[in-house]
file start.pdb (PDB, C-alpha atoms)
ATOM      1  CA  VAL A 901      -0.969  31.243  -7.018
ATOM      2  CA  HIS A 902       1.617  30.584  -4.309
ATOM      3  CA  PHE A 903       4.231  28.838  -6.434
ATOM      4  CA  GLN A 904       4.742  28.226 -10.128
ATOM      5  CA  GLU A 905       7.752  26.790 -11.933
ATOM      6  CA  SER A 906       8.259  25.782 -15.564
ATOM      7  CA  PHE A 907      12.090  25.855 -15.455
ATOM      8  CA  GLU A 908      12.808  28.742 -17.736
ATOM      9  CA  ASP A 909      16.134  30.608 -17.661
ATOM     10  CA  GLY A 910      17.291  31.413 -14.136
ATOM     11  CA  TRP A 911      15.690  28.385 -12.502
ATOM     12  CA  GLU A 912      18.973  27.513 -10.755
ATOM     13  CA  ASP A 913      18.667  30.737  -8.729
ATOM     14  CA  ARG A 914      15.285  29.627  -7.394
ATOM     15  CA  TRP A 915      16.245  26.067  -6.415
ATOM     16  CA  VAL A 916      18.672  24.996  -3.710
ATOM     17  CA  GLN A 917      20.663  21.781  -3.920
ATOM     18  CA  SER A 918      20.898  20.124  -0.502
ATOM     19  CA  LYS A 919      24.353  19.614   0.942
ATOM     20  CA  HIS A 920      23.242  16.999   3.459
ATOM     21  CA  LYS A 921      25.307  14.394   1.560
ATOM     22  CA  ASP A 922      28.209  15.009  -0.779
ATOM     23  CA  ASP A 923      27.162  12.351  -3.309
ATOM     24  CA  LEU A 924      23.599  13.463  -4.082
ATOM     25  CA  GLY A 925      22.409  13.139  -7.665
ATOM     26  CA  VAL A 926      22.348  16.114 -10.026
ATOM     27  CA  PHE A 927      19.296  17.505 -11.817
ATOM     28  CA  LYS A 928      19.792  18.845 -15.327
ATOM     29  CA  ARG A 929      17.415  20.932 -17.439
ATOM     30  CA  THR A 930      16.192  19.178 -20.593
ATOM     31  CA  ALA A 931      13.087  18.437 -22.639
ATOM     32  CA  GLY A 932      14.202  14.828 -22.895
ATOM     33  CA  LYS A 933      14.322  12.437 -25.817
ATOM     34  CA  PHE A 934      10.954  13.483 -27.245
ATOM     35  CA  TYR A 935       8.790  16.580 -26.802
ATOM     36  CA  GLY A 936       6.243  18.882 -28.388
ATOM     37  CA  ASP A 937       8.209  22.121 -28.073
ATOM     38  CA  GLU A 938      11.823  21.774 -26.993
ATOM     39  CA  ASP A 939      11.950  25.163 -25.284
ATOM     40  CA  LYS A 940       8.575  25.069 -23.532
ATOM     41  CA  ASP A 941       8.809  21.398 -22.546
ATOM     42  CA  GLN A 942      12.059  21.676 -20.618
ATOM     43  CA  GLY A 943      11.984  20.441 -17.048
ATOM     44  CA  ILE A 944      14.566  19.101 -14.628
ATOM     45  CA  GLN A 945      15.733  15.515 -15.036
ATOM     46  CA  THR A 946      17.438  13.067 -12.714
ATOM     47  CA  SER A 947      20.725  12.394 -14.492
ATOM     48  CA  GLN A 948      22.634   9.769 -12.467
ATOM     49  CA  ASP A 949      21.634   6.174 -11.717
ATOM     50  CA  ALA A 950      21.382   4.812  -8.173
ATOM     51  CA  LYS A 951      21.392   8.186  -6.461
ATOM     52  CA  PHE A 952      19.475  10.118  -3.836
ATOM     53  CA  TYR A 953      18.240  13.518  -5.021
ATOM     54  CA  ALA A 954      17.436  16.465  -2.767
ATOM     55  CA  MET A 955      16.573  19.903  -4.122
ATOM     56  CA  SER A 956      14.017  22.503  -3.065
ATOM     57  CA  ALA A 957      12.551  25.913  -3.854
ATOM     58  CA  LYS A 958      11.208  28.489  -1.414
ATOM     59  CA  PHE A 959       8.087  30.658  -1.765
ATOM     60  CA  ASP A 960       6.194  33.093   0.434
ATOM     61  CA  SER A 961       4.788  31.188   3.383
ATOM     62  CA  PHE A 962       1.020  30.787   3.594
ATOM     63  CA  SER A 963      -1.679  28.844   5.427
ATOM     64  CA  ASN A 964      -4.458  26.975   3.650
ATOM     65  CA  GLU A 965      -6.927  27.512   6.509
ATOM     66  CA  ASP A 966     -10.451  28.079   5.134
ATOM     67  CA  LYS A 967      -9.146  27.644   1.573
ATOM     68  CA  SER A 968      -8.566  24.836  -0.880
ATOM     69  CA  LEU A 969      -5.025  23.681  -1.558
ATOM     70  CA  VAL A 970      -3.994  22.545  -5.028
ATOM     71  CA  VAL A 971      -0.628  20.872  -5.692
ATOM     72  CA  GLN A 972       0.123  19.978  -9.295
ATOM     73  CA  PHE A 973       3.105  18.946 -11.445
ATOM     74  CA  THR A 974       4.059  16.734 -14.387
ATOM     75  CA  VAL A 975       6.202  13.604 -14.301
ATOM     76  CA  LYS A 976       7.768  11.968 -17.341
ATOM     77  CA  HIS A 977       9.497   8.629 -16.704
ATOM     78  CA  GLU A 978      11.066   8.474 -20.156
ATOM     79  CA  GLN A 979      13.705   5.990 -18.920
ATOM     80  CA  ASN A 980      10.927   3.376 -18.464
ATOM     81  CA  ILE A 981      11.550   3.486 -14.717
ATOM     82  CA  ASP A 982      11.836   0.247 -12.768
ATOM     83  CA  CYS A 983      12.370   1.628  -9.280
ATOM     84  CA  GLY A 984      12.272   5.217  -8.092
ATOM     85  CA  GLY A 985      10.213   8.064  -6.703
ATOM     86  CA  GLY A 986       8.402  10.736  -8.670
ATOM     87  CA  TYR A 987       6.788  12.643  -5.810
ATOM     88  CA  VAL A 988       7.142  16.055  -4.211
ATOM     89  CA  LYS A 989       7.150  17.169  -0.606
ATOM     90  CA  ILE A 990       5.651  20.412   0.654
ATOM     91  CA  PHE A 991       7.508  21.686   3.713
ATOM     92  CA  PRO A 992       6.988  24.442   6.278
ATOM     93  CA  GLY A 993       8.817  27.657   5.482
ATOM     94  CA  ASP A 994      11.480  27.115   8.151
ATOM     95  CA  LEU A 995      13.070  24.151   6.350
ATOM     96  CA  ASP A 996      16.855  24.368   6.163
ATOM     97  CA  GLN A 997      17.125  23.871   2.418
ATOM     98  CA  ASN A 998      20.881  23.303   2.527
ATOM     99  CA  ASP A 999      20.322  20.352   4.863
ATOM    100  CA  MET A1000      17.134  18.882   3.389
ATOM    101  CA  HIS A1001      17.093  15.087   3.594
ATOM    102  CA  GLY A1002      14.764  12.126   3.909
ATOM    103  CA  GLU A1003      13.939  12.770   7.553
ATOM    104  CA  SER A1004      13.231  16.495   7.196
ATOM    105  CA  PRO A1005       9.700  17.133   8.546
ATOM    106  CA  TYR A1006       7.177  17.913   5.811
ATOM    107  CA  ASN A1007       3.453  18.656   5.646
ATOM    108  CA  ILE A1008       2.405  16.751   2.531
ATOM    109  CA  MET A1009       4.041  14.216   0.239
ATOM    110  CA  PHE A1010       2.325  13.605  -3.076
ATOM    111  CA  GLY A1011       3.093  11.847  -6.349
ATOM    112  CA  PRO A1012       3.944   8.546  -8.026
ATOM    113  CA  ASP A1013       6.260   5.880  -6.670
ATOM    114  CA  ILE A1014       7.327   2.798  -8.621
ATOM    115  CA  CYS A1015       9.434  -0.159  -7.541
ATOM    116  CA  GLY A1016       9.089  -3.355  -9.564
ATOM    117  CA  PRO A1017       5.718  -4.816 -10.525
ATOM    118  CA  GLY A1018       4.447  -4.736  -6.933
ATOM    119  CA  THR A1019       4.661  -0.993  -6.200
ATOM    120  CA  LYS A1020       3.026   1.382  -8.671
ATOM    121  CA  LYS A1021       1.112   3.846  -6.559
ATOM    122  CA  VAL A1022       0.393   7.483  -5.957
ATOM    123  CA  HIS A1023       1.531   8.539  -2.499
ATOM    124  CA  VAL A1024      -0.693  10.923  -0.578
ATOM    125  CA  ILE A1025       0.874  11.357   2.849
ATOM    126  CA  PHE A1026      -0.237  13.938   5.411
ATOM    127  CA  ALA A1027       1.742  14.867   8.501
ATOM    128  CA  TYR A1028      -0.666  15.037  11.439
ATOM    129  CA  LYS A1029       0.451  15.712  15.002
ATOM    130  CA  GLY A1030       3.993  14.591  14.268
ATOM    131  CA  THR A1031       3.136  11.419  12.370
ATOM    132  CA  ASN A1032       3.287  10.854   8.609
ATOM    133  CA  LEU A1033       0.103   9.050   7.618
ATOM    134  CA  LEU A1034      -0.356   7.133   4.362
ATOM    135  CA  VAL A1035      -3.639   7.037   2.499
ATOM    136  CA  LYS A1036      -5.445   3.749   3.131
ATOM    137  CA  LYS A1037      -6.613   3.425  -0.473
ATOM    138  CA  ASP A1038      -4.514   2.025  -3.313
ATOM    139  CA  ILE A1039      -4.145   4.738  -5.957
ATOM    140  CA  ARG A1040      -2.433   3.463  -9.087
ATOM    141  CA  CYS A1041       0.050   5.661 -10.927
ATOM    142  CA  LYS A1042       1.065   5.696 -14.573
ATOM    143  CA  ASP A1043       4.132   3.625 -15.454
ATOM    144  CA  ASP A1044       4.724   4.460 -19.124
ATOM    145  CA  VAL A1045       7.306   6.811 -20.683
ATOM    146  CA  PHE A1046       4.988   9.766 -21.333
ATOM    147  CA  SER A1047       4.297  12.970 -19.384
ATOM    148  CA  HIS A1048       1.462  12.790 -16.876
ATOM    149  CA  LEU A1049      -0.111  15.551 -14.821
ATOM    150  CA  TYR A1050      -0.634  14.746 -11.126
ATOM    151  CA  THR A1051      -3.023  16.927  -9.101
ATOM    152  CA  LEU A1052      -3.934  16.880  -5.417
ATOM    153  CA  ILE A1053      -6.836  19.000  -4.163
ATOM    154  CA  VAL A1054      -7.449  19.361  -0.420
ATOM    155  CA  ASN A1055     -10.648  21.169   0.575
ATOM    156  CA  PRO A1056     -11.641  23.029   3.765
ATOM    157  CA  ASP A1057     -14.520  20.570   4.309
ATOM    158  CA  ASN A1058     -11.908  17.851   4.977
ATOM    159  CA  THR A1059     -12.336  16.204   1.574
ATOM    160  CA  TYR A1060      -9.726  15.550  -1.087
ATOM    161  CA  GLU A1061      -9.384  14.598  -4.727
ATOM    162  CA  VAL A1062      -6.536  13.078  -6.733
ATOM    163  CA  LYS A1063      -6.397  13.573 -10.482
ATOM    164  CA  ILE A1064      -4.124  12.162 -13.166
ATOM    165  CA  ASP A1065      -4.196  14.002 -16.474
ATOM    166  CA  ASN A1066      -7.189  16.016 -15.208
ATOM    167  CA  SER A1067      -9.274  12.880 -14.622
ATOM    168  CA  LYS A1068     -10.340  12.010 -11.089
ATOM    169  CA  VAL A1069      -8.808   8.729  -9.914
ATOM    170  CA  GLU A1070      -9.669   8.961  -6.202
ATOM    171  CA  SER A1071     -11.530  11.144  -3.743
ATOM    172  CA  GLY A1072     -13.071  10.996  -0.319
ATOM    173  CA  SER A1073     -12.811  12.123   3.273
ATOM    174  CA  LEU A1074      -9.585  12.810   5.154
ATOM    175  CA  GLU A1075     -11.058  11.300   8.303
ATOM    176  CA  GLU A1076     -12.094   8.076   6.581
ATOM    177  CA  ASP A1077      -9.094   7.538   4.305
ATOM    178  CA  TRP A1078      -6.308   8.369   6.796
ATOM    179  CA  ASP A1079      -5.886   7.254  10.401
ATOM    180  CA  MET A1080      -5.698  10.789  11.725
ATOM    181  CA  LEU A1081      -8.321  10.411  14.424
ATOM    182  CA  LYS A1082      -9.187   7.719  16.915
ATOM    183  CA  PRO A1083     -12.096   5.550  15.703
ATOM    184  CA  LYS A1084     -15.585   6.756  16.530
ATOM    185  CA  LYS A1085     -16.613   3.316  17.767
ATOM    186  CA  ILE A1086     -14.685   0.676  19.689
ATOM    187  CA  LYS A1087     -15.512  -2.804  20.915
ATOM    188  CA  ASP A1088     -17.230  -2.722  24.290
ATOM    189  CA  PRO A1089     -14.533  -3.893  26.751
ATOM    190  CA  GLU A1090     -17.256  -5.047  29.146
ATOM    191  CA  ALA A1091     -18.958  -7.292  26.590
ATOM    192  CA  LYS A1092     -18.038 -10.956  26.413
ATOM    193  CA  LYS A1093     -19.398 -13.805  24.376
ATOM    194  CA  PRO A1094     -21.732 -15.936  26.538
ATOM    195  CA  GLU A1095     -20.207 -19.286  27.436
ATOM    196  CA  ASP A1096     -23.192 -21.136  25.991
ATOM    197  CA  TRP A1097     -23.076 -19.264  22.679
ATOM    198  CA  ASP A1098     -22.828 -21.928  19.961
ATOM    199  CA  GLU A1099     -21.294 -20.775  16.652
ATOM    200  CA  ARG A1100     -21.192 -24.215  15.033
ATOM    201  CA  GLU A1101     -23.502 -24.344  12.017
ATOM    202  CA  LYS A1102     -23.158 -28.133  11.705
ATOM    203  CA  VAL A1103     -22.717 -30.867  14.303
ATOM    204  CA  ASP A1104     -22.260 -34.628  14.309
ATOM    205  CA  ASP A1105     -25.487 -36.601  13.867
ATOM    206  CA  PRO A1106     -25.975 -38.336  17.209
ATOM    207  CA  GLU A1107     -28.110 -41.005  15.466
ATOM    208  CA  ASP A1108     -25.359 -41.970  13.052
ATOM    209  CA  SER A1109     -23.116 -44.924  13.888
ATOM    210  CA  LYS A1110     -20.151 -46.577  12.268
ATOM    211  CA  PRO A1111     -21.057 -49.642  10.140
ATOM    212  CA  GLU A1112     -19.763 -52.944  11.532
ATOM    213  CA  ASP A1113     -17.828 -53.718   8.359
ATOM    214  CA  TRP A1114     -16.155 -50.288   8.201
ATOM    215  CA  GLU A1115     -12.826 -51.208   9.775
ATOM    216  CA  LYS A1116     -10.498 -52.431   7.055
ATOM    217  CA  PRO A1117      -6.693 -52.182   7.014
ATOM    218  CA  GLU A1118      -5.221 -49.497   4.770
ATOM    219  CA  HIS A1119      -2.680 -51.946   3.271
ATOM    220  CA  ILE A1120      -2.887 -55.705   2.617
ATOM    221  CA  PRO A1121      -0.448 -58.317   1.309
ATOM    222  CA  ASP A1122      -0.506 -58.521  -2.482
ATOM    223  CA  PRO A1123      -2.545 -61.668  -3.208
ATOM    224  CA  ASP A1124      -0.917 -62.031  -6.629
ATOM    225  CA  ALA A1125       2.626 -61.936  -5.309
ATOM    226  CA  LYS A1126       4.614 -65.177  -5.272
ATOM    227  CA  LYS A1127       7.857 -66.024  -3.565
ATOM    228  CA  PRO A1128      10.662 -66.003  -6.114
ATOM    229  CA  ASP A1129      12.005 -69.443  -7.031
ATOM    230  CA  ASP A1130      15.514 -68.445  -6.011
ATOM    231  CA  TRP A1131      14.448 -67.177  -2.570
ATOM    232  CA  ASP A1132      16.515 -68.814   0.159
ATOM    233  CA  ASP A1133      14.816 -68.571   3.565
ATOM    234  CA  GLU A1134      18.073 -69.272   5.372
ATOM    235  CA  MET A1135      19.971 -66.590   3.432
ATOM    236  CA  ASP A1136      17.205 -64.097   2.708
ATOM    237  CA  GLY A1137      14.971 -64.574   5.718
ATOM    238  CA  GLU A1138      11.329 -65.473   5.800
ATOM    239  CA  TRP A1139       9.650 -64.247   2.585
ATOM    240  CA  GLU A1140       6.721 -61.872   2.989
ATOM    241  CA  PRO A1141       4.573 -60.663   0.134
ATOM    242  CA  PRO A1142       4.726 -56.909  -0.644
ATOM    243  CA  MET A1143       1.915 -54.726   0.678
ATOM    244  CA  ILE A1144      -0.567 -52.967  -1.617
ATOM    245  CA  ASP A1145      -3.355 -50.463  -1.024
ATOM    246  CA  ASN A1146      -6.497 -52.170   0.219
ATOM    247  CA  PRO A1147      -9.344 -51.464  -2.251
ATOM    248  CA  GLU A1148     -11.823 -52.004   0.606
ATOM    249  CA  TYR A1149     -10.195 -49.439   2.885
ATOM    250  CA  LYS A1150     -12.633 -46.599   3.607
ATOM    251  CA  GLY A1151     -10.490 -44.331   5.722
ATOM    252  CA  GLU A1152     -11.390 -42.772   9.050
ATOM    253  CA  TRP A1153     -15.092 -42.963   9.791
ATOM    254  CA  LYS A1154     -16.827 -39.714  10.608
ATOM    255  CA  PRO A1155     -20.475 -39.260  11.517
ATOM    256  CA  LYS A1156     -22.742 -37.350   9.172
ATOM    257  CA  GLN A1157     -23.188 -33.632   9.761
ATOM    258  CA  ILE A1158     -26.569 -32.135  10.491
ATOM    259  CA  ASP A1159     -27.820 -28.608  11.175
ATOM    260  CA  ASN A1160     -27.011 -27.610  14.724
ATOM    261  CA  PRO A1161     -30.282 -26.939  16.557
ATOM    262  CA  GLU A1162     -28.369 -24.809  19.095
ATOM    263  CA  TYR A1163     -26.690 -22.622  16.448
ATOM    264  CA  LYS A1164     -27.005 -18.913  17.263
ATOM    265  CA  GLY A1165     -24.919 -17.431  14.450
ATOM    266  CA  LYS A1166     -21.548 -15.706  14.646
ATOM    267  CA  TRP A1167     -21.250 -13.643  17.799
ATOM    268  CA  ILE A1168     -20.657  -9.992  16.985
ATOM    269  CA  HIS A1169     -18.813  -7.942  19.567
ATOM    270  CA  PRO A1170     -21.027  -4.959  20.428
ATOM    271  CA  GLU A1171     -19.494  -1.516  19.979
ATOM    272  CA  ILE A1172     -19.711   1.637  22.031
ATOM    273  CA  ASP A1173     -18.780   5.259  21.416
ATOM    274  CA  ASN A1174     -15.036   5.711  21.793
ATOM    275  CA  PRO A1175     -14.395   8.117  24.682
ATOM    276  CA  GLU A1176     -11.020   9.003  23.091
ATOM    277  CA  TYR A1177     -12.560  10.087  19.787
ATOM    278  CA  ALA A1178     -12.318  13.827  19.218
ATOM    279  CA  PRO A1179     -13.505  15.363  15.949
ATOM    280  CA  ASP A1180     -11.247  17.798  14.151
ATOM    281  CA  ASP A1181     -12.672  20.016  11.434
ATOM    282  CA  LYS A1182      -9.178  21.318  10.625
ATOM    283  CA  LEU A1183      -7.588  18.071   9.421
ATOM    284  CA  TYR A1184      -6.935  19.714   6.056
ATOM    285  CA  SER A1185      -5.314  22.832   7.502
ATOM    286  CA  TYR A1186      -1.629  23.666   7.898
ATOM    287  CA  LYS A1187      -0.323  26.873   9.425
ATOM    288  CA  ASP A1188       2.712  27.151   7.182
ATOM    289  CA  PHE A1189       3.637  26.045   3.691
ATOM    290  CA  GLY A1190       6.838  27.621   2.412
ATOM    291  CA  VAL A1191       9.054  25.170   0.509
ATOM    292  CA  ILE A1192       8.549  22.563  -2.205
ATOM    293  CA  GLY A1193      11.135  19.827  -2.534
ATOM    294  CA  LEU A1194      12.178  16.793  -4.536
ATOM    295  CA  ASP A1195      13.581  14.239  -2.097
ATOM    296  CA  LEU A1196      13.976  11.023  -4.081
ATOM    297  CA  TRP A1197      15.852   7.804  -4.672
ATOM    298  CA  GLN A1198      16.116   6.465  -8.220
ATOM    299  CA  VAL A1199      17.782   3.286  -9.402
ATOM    300  CA  LYS A1200      17.479   4.235 -13.066
ATOM    301  CA  ALA A1201      17.654   7.978 -13.683
ATOM    302  CA  GLY A1202      15.820   9.897 -16.384
ATOM    303  CA  THR A1203      12.613  11.245 -14.818
ATOM    304  CA  ILE A1204      11.676  14.790 -15.889
ATOM    305  CA  PHE A1205       9.702  17.049 -13.524
ATOM    306  CA  ASP A1206       7.959  20.154 -14.789
ATOM    307  CA  ASN A1207       4.977  22.519 -14.486
ATOM    308  CA  PHE A1208       4.876  22.857 -10.705
ATOM    309  CA  LEU A1209       1.881  24.733  -9.363
ATOM    310  CA  ILE A1210       0.638  25.418  -5.832
ATOM    311  CA  CYS A1211      -2.535  27.512  -5.593
ATOM    312  CA  ASP A1212      -5.908  27.714  -3.848
ATOM    313  CA  ASP A1213      -8.266  27.410  -6.826
ATOM    314  CA  ALA A1214      -8.864  24.053  -8.506
TER     315      ALA A1214
END
call {"tool": "encode", "arguments": {"input": "start.pdb", "output": "structure tokens"}}
result
Amino acid sequence: VHFQESFEDGWEDRWVQSKHKDDLGVFKRTAGKFYGDEDKDQGIQTSQDAKFYAMSAKFDSFSNEDKSLVVQFTVKHEQNIDCGGGYVKIFPGDLDQNDMHGESPYNIMFGPDICGPGTKKVHVIFAYKGTNLLVKKDIRCKDDVFSHLYTLIVNPDNTYEVKIDNSKVESGSLEEDWDMLKPKKIKDPEAKKPEDWDEREKVDDPEDSKPEDWEKPEHIPDPDAKKPDDWDDEMDGEWEPPMIDNPEYKGEWKPKQIDNPEYKGKWIHPEIDNPEYAPDDKLYSYKDFGVIGLDLWQVKAGTIFDNFLICDDA
């Protein structure tokens, strides 16, 4: 176990409030509006609406090379959150905790994020060679008012697993689910579609011709219209009957479609091995973990964080 926190007495001595901004939100210790055991269920809660929050705790630095990494914590959005983060960031040990802010470099960001009906997801972001990379899968988070346990497991075989309340909700390969590496295959830059390649499934029937009686005007004078009795040609001009839709109008003539005898199917660009692809069996590995932080924005405060755990045994 590298880090464990259940916010018992003395927790303020272990956590550092960032001073990057002078109007950051304040965390308070509470079990919230409802709980099982008021003492044991106390966590830290965002307490002010429309605020950024930035607080972190340090632990002995370690590397997860050749070992699994487990990051776990509970989130309770008892305010029925409409927009705000519920995630943690795991930083290298050299983070300046007093100046932690949204642009501070981190290794991993993990946890729920909600903003309106369109964003209700679990972030899993890995920093790789200076770039923060989002998971390409959509992992849905919980959006009710109860406590939920979020777990991320990263394995030394470059696989991962995300659990909510100890049930697996997503898993896979780091290489496949993040754009860490260049693609193994690329389109052959030398290949071009032949000029005579015909992708049309259907073509006009060359034997089909437009019927002689096809051409009819779209509108015709109303045959039932009569010039009003009080119409004065000198005053009102020459009377013309109103136009109506022609029931015999057939629209634009188009020849029938037949199967194209020259059809070759959709041309598929051939691929070749990407010369820039380089495998990396250490995608999972970081040299230094040393700080866990809550770096959040919340429109409506009230989220309670608790039961933080970082270890190497799932």
call {"tool": "atom_distance", "arguments": {"input": "start.pdb", "atom1": "atom CA of Met1000 of chain A", "atom2": "atom CA of Asp909 of chain A"}}
result
24.1 Å
call {"tool": "closest_residue", "arguments": {"input": "start.pdb", "among": "A:Glu1118, A:Asp1079, A:Glu1003, A:Asp1065", "to": "His920 of chain A", "atoms": "all atoms listed in the file"}}
result
A:Glu1003
call {"tool": "closest_residue", "arguments": {"input": "start.pdb", "among": "A:Gln1198, A:Thr1059, A:Gln1157, A:Ser918", "to": "Tyr1184 of chain A", "atoms": "only C-alpha atoms"}}
result
A:Thr1059
call {"tool": "closest_residue", "arguments": {"input": "start.pdb", "among": "A:Glu978, A:Glu1070, A:Asp922, A:Asp1122", "to": "Asp1044 of chain A", "atoms": "all atoms listed in the file"}}
result
A:Glu978
call {"tool": "resolve_selection", "arguments": {"input": "start.pdb", "expression": "the PyMOL selection byres ((chain A and resi 1197) around 7)", "output": "list in words"}}
result
Lys951, Phe952, Tyr953, Gly984, Gly985, Leu1196, Gln1198 and Val1199 of chain A
call {"tool": "resolve_selection", "arguments": {"input": "start.pdb", "expression": "the PyMOL selection byres ((chain A and resi 1204) around 6)", "output": "number ranges by chain"}}
result
A: 943-945, 975-976, 1203, 1205
call {"tool": "resolve_selection", "arguments": {"input": "start.pdb", "expression": "the PyMOL selection byres ((chain A and resi 1138-1152) around 10)", "output": "list in words"}}
result
Asp1113, Trp1114, Glu1115, Lys1116, Pro1117, Glu1118, His1119, Ile1120, Pro1121, Asp1122, Pro1123, Asp1124, Ala1125, Lys1126, Lys1127, Pro1128, Trp1131, Asp1132, Asp1133, Glu1134, Met1135, Asp1136, Gly1137, Trp1153 and Lys1154 of chain A
call {"tool": "residues_around", "arguments": {"input": "start.pdb", "residues": "Trp911 of chain A", "least_positions_apart": "5", "cutoff": "12 Å", "atoms": "all atoms listed in the file", "output": "PyMOL selection string"}}
result
chain A and resi 904-906+916-917+927-929+942-944+955-958+1206
call {"tool": "residues_around", "arguments": {"input": "start.pdb", "residues": "Gly936 of chain A", "least_positions_apart": "5", "cutoff": "12 Å", "atoms": "all atoms listed in the file", "output": "list in words"}}
result
Ala931, Asp941, Gln942, Phe1046 and Ser1047 of chain A
call {"tool": "atom_distance", "arguments": {"input": "start.pdb", "atom1": "atom CA of Asp1173 of chain A", "atom2": "atom CA of Lys1082 of chain A"}}
result
10.9 Å
call {"tool": "atom_distance", "arguments": {"input": "start.pdb", "atom1": "atom CA of Lys1156 of chain A", "atom2": "atom CA of Glu1099 of chain A"}}
result
18.2 Å
call {"tool": "closest_residue", "arguments": {"input": "start.pdb", "among": "A:Ile1008, A:Asp1098, A:Asn1174, A:Val926", "to": "Glu1162 of chain A", "atoms": "only C-alpha atoms"}}
result
A:Asp1098
call {"tool": "axis_aligned_box", "arguments": {"input": "start.pdb", "around": "segment 982-1001 of chain A", "padding_each_side": "3 Å", "output": "JSON"}}
result
{"center_x": 13.3, "center_y": 14.0, "center_z": -2.3, "size_x": 21.2, "size_y": 33.4, "size_z": 26.9}
call {"tool": "closest_residue", "arguments": {"input": "start.pdb", "among": "A:Ile981, A:Lys1093, A:Asp1077, A:Glu965", "to": "Lys1042 of chain A", "atoms": "only C-alpha atoms"}}
result
A:Ile981
call {"tool": "build_atoms", "arguments": {"input": "start.pdb", "residues": "segment 1171-1183 of chain A", "atoms": "N, CA and C atoms", "output": "CSV table (one decimal), keeping the file's coordinate frame"}}
result
chain,number,residue,atom,x,y,z
A,1171,GLU,N,-20.4,-2.7,19.9
A,1171,GLU,CA,-19.5,-1.5,20.0
A,1171,GLU,C,-20.1,-0.4,20.8
A,1172,ILE,N,-19.3,0.5,21.3
A,1172,ILE,CA,-19.7,1.6,22.0
A,1172,ILE,C,-19.0,2.9,21.5
A,1173,ASP,N,-19.5,4.0,21.8
A,1173,ASP,CA,-18.8,5.3,21.4
A,1173,ASP,C,-17.4,5.3,22.1
A,1174,ASN,N,-16.4,5.7,21.3
A,1174,ASN,CA,-15.0,5.7,21.8
A,1174,ASN,C,-14.8,7.0,22.6
A,1175,PRO,N,-14.6,6.9,23.9
A,1175,PRO,CA,-14.4,8.1,24.7
A,1175,PRO,C,-13.2,8.9,24.3
A,1176,GLU,N,-12.2,8.3,23.5
A,1176,GLU,CA,-11.0,9.0,23.1
A,1176,GLU,C,-11.2,9.7,21.7
A,1177,TYR,N,-12.3,9.5,21.1
A,1177,TYR,CA,-12.6,10.1,19.8
A,1177,TYR,C,-12.8,11.6,20.0
A,1178,ALA,N,-12.1,12.4,19.2
A,1178,ALA,CA,-12.3,13.8,19.2
A,1178,ALA,C,-12.3,14.3,17.8
A,1179,PRO,N,-13.4,14.9,17.3
A,1179,PRO,CA,-13.5,15.4,15.9
A,1179,PRO,C,-12.6,16.5,15.7
A,1180,ASP,N,-12.1,16.7,14.5
A,1180,ASP,CA,-11.2,17.8,14.2
A,1180,ASP,C,-11.7,18.3,12.8
A,1181,ASP,N,-12.2,19.5,12.7
A,1181,ASP,CA,-12.7,20.0,11.4
A,1181,ASP,C,-11.6,20.7,10.7
A,1182,LYS,N,-10.3,20.7,11.3
A,1182,LYS,CA,-9.2,21.3,10.6
A,1182,LYS,C,-8.1,20.3,10.2
A,1183,LEU,N,-8.5,19.1,9.9
A,1183,LEU,CA,-7.6,18.1,9.4
A,1183,LEU,C,-6.8,18.5,8.2
